[in-house]
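Enquirer: Sharing a structure, written as structure tokens. Questions coming.
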Amino acid sequence: HEYLTSLGAKAFVSREEMSEKSRPLESQKWAGAVDVVGGDMLARVLAEMEYNGAVAACGLAGSFKLSTTVMPFILRNVSLRGVDSVMCPVERRTIAWNRLANELPSEAYDNIGNIISLEEVVQAGEDIVAGKVKGRTLVDPNL
């Protein structure tokens with residue numbers, strides 16, 4: 001969080017706030033976004049994009065439906081791009097992973113996720129469903 005804030009990123013917002021039904025256009029908050037949820041949350045992100053903003057949609061965790069208007073696209077020149085992680089060529093993936101490894105500061109990895117033991121899986125699952133987990137959780141059976 002501190003790393004993102006140092007780059008000028010806005011503070012994190014709650015799942016509840018982002019899940020609220022939005023108007024066709026909301027206050028401009030985001031220059032860019034990566035959406036892994038879809039549905040109403042993606043509609044809200046689109047409605048909150050700044051002029052010339054771009055959204056990369058790469059997941060359907062909340063819903064595959066998108067109920068919005070064309071207003072963000074026409075009035076704010078917002079772009080929505082789909083990210084295909086299945087058919088992306090290995091060469092392109094390698095370039096992306098190398099850029100992340102070389103350009104992302106090592107302290108940023110501390111905020112991306114955590115490693116848990118097999119014994120912690122049930123509690124971690126409950127925490128994920130309750131919305132208490134940010135980032136990824138990796139299960140290491142050797143712990």
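Going through the structure tokens in order, the chains are called A, B, and so on, while each chain numbers its residues from 1 and the ligands are numbered from 1 in the order shown.
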Could you pull the residues within 7 Å of segment 14-19 of chain A, counting only C-alpha atoms, minus those fewer than 3 positions along the same chain, as a ChimeraX atom specification?
Expert: /A:40-41,44
Enquirer: Counting only C-alpha atoms, what is within 12 Å of Val133 of chain A, bar same-chain residues fewer than 2 positions away, as an mmCIF file with C-alpha atoms, in the first residue's frame?
Expert:
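Result file follows (part.cif):
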data_model
loop_
_atom_site.group_PDB
_atom_site.id
_atom_site.type_symbol
_atom_site.label_atom_id
_atom_site.label_comp_id
_atom_site.auth_asym_id
_atom_site.auth_seq_id
_atom_site.Cartn_x
_atom_site.Cartn_y
_atom_site.Cartn_z
ATOM 1 C CA SER A 14 -13.686 -1.217 0.372
ATOM 2 C CA ARG A 15 -15.356 -4.076 -1.433
ATOM 3 C CA ASN A 111 1.954 -6.522 -0.311
ATOM 4 C CA ILE A 112 0.958 -8.890 -3.109
ATOM 5 C CA GLY A 113 0.197 -12.001 -1.078
ATOM 6 C CA ASN A 114 1.219 -14.446 1.579
ATOM 7 C CA GLN A 123 -9.163 -20.545 7.902
ATOM 8 C CA ALA A 124 -7.738 -18.830 4.806
ATOM 9 C CA GLY A 125 -10.754 -19.968 2.782
ATOM 10 C CA GLU A 126 -13.117 -18.505 5.365
ATOM 11 C CA ASP A 127 -11.132 -15.252 5.369
ATOM 12 C CA ILE A 128 -11.240 -15.045 1.556
ATOM 13 C CA VAL A 129 -15.021 -15.546 1.472
ATOM 14 C CA ALA A 130 -15.405 -12.904 4.224
ATOM 15 C CA GLY A 131 -13.380 -10.416 2.143
ATOM 16 C CA GLY A 135 -3.724 -10.353 -2.948
ATOM 17 C CA ARG A 136 -2.907 -13.988 -3.501
ATOM 18 C CA THR A 137 -2.535 -16.801 -1.007
#
Enquirer: Could you tell me, as a PyMOL selection string, which residues of chain A DSSP assigns to helix (DSSP H, G or I) when given the backbone?
Expert: chain A and resi 2-6+15-19+39-47+71-75+90-103+106-111+118-129
Enquirer: Just the strand (DSSP E) stuff from segment 13-104 of chain A, please, per backbone DSSP, written as a PyMOL selection string.
Expert: chain A and resi 30-35+49-57+79-82
Enquirer: Quick one: of A:Gly53, A:Gly82, A:Pro72, A:Gly62, who's nearest to Val37 of chain A, counting only C-alpha atoms?
Expert: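 Of the candidates, the smallest distance to Val37 of chain A is held by A:Gly62.
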Enquirer: Can you tell me which residues surround segment 23-25 of chain A at a distance of at most 8 Å, considering only C-alpha atoms, apart from same-chain residues fewer than 2 positions away, and format the answer as a list in words?
Expert: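 Here the qualifying residues turn out to be Lys21, Ser27, Arg44, Ala47, Glu48, Thr68, Thr69, Met71 and Pro72 of chain A.
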Enquirer: By how many Å are atom CA of Glu120 of chain A and atom CA of Val13 of chain A apart?
Expert: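 Distance reported for this atom pair: 26.8 Å.
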Enquirer: One decimal, Å: what's the distance from atom CA of Glu107 of chain A over to atom CA of Leu138 of chain A, could you say?
Expert: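 Atom-to-atom, atom CA of Glu107 of chain A to atom CA of Leu138 of chain A, that is 17.9 Å.
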Enquirer: Kindly indicate which residue among A:Lys65, A:Met87, A:Cys58, A:Met49 lies nearest to Glu26 of chain A, using only C-alpha atoms for the distances.
Expert: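 Of A:Lys65, A:Met87, A:Cys58, A:Met49, the one nearest Glu26 of chain A is A:Met49, counting only C-alpha atoms.
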Enquirer: What is the distance, in Å and to one decimal place, between atom CA of Val34 of chain A and atom CA of Ser117 of chain A?
Expert: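 Computed distance, atom CA of Val34 of chain A to atom CA of Ser117 of chain A, equals 28.9 Å.
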Enquirer: Pick from A:Phe64, A:Ile95, A:Asn52, A:Leu42: nearest to Gln28 of chain A, with only C-alpha atoms counted?
Expert: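 Comparing A:Phe64, A:Ile95, A:Asn52, A:Leu42 against Gln28 of chain A, the winner is A:Asn52.
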Enquirer: Counting only C-alpha atoms, which of A:Ala61, A:Ala101, A:Leu46, A:Val70 gets nearest to Lys29 of chain A?
Expert: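 Checking each candidate against Lys29 of chain A, we get A:Leu46 as the closest.
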Enquirer: Counting only C-alpha atoms, figure out which residue out of A:Cys88, A:Val83, A:Ile115, A:Val55 gets nearest to Leu143 of chain A.
Expert: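 Ranked by minimum distance to Leu143 of chain A, first place goes to A:Ile115.
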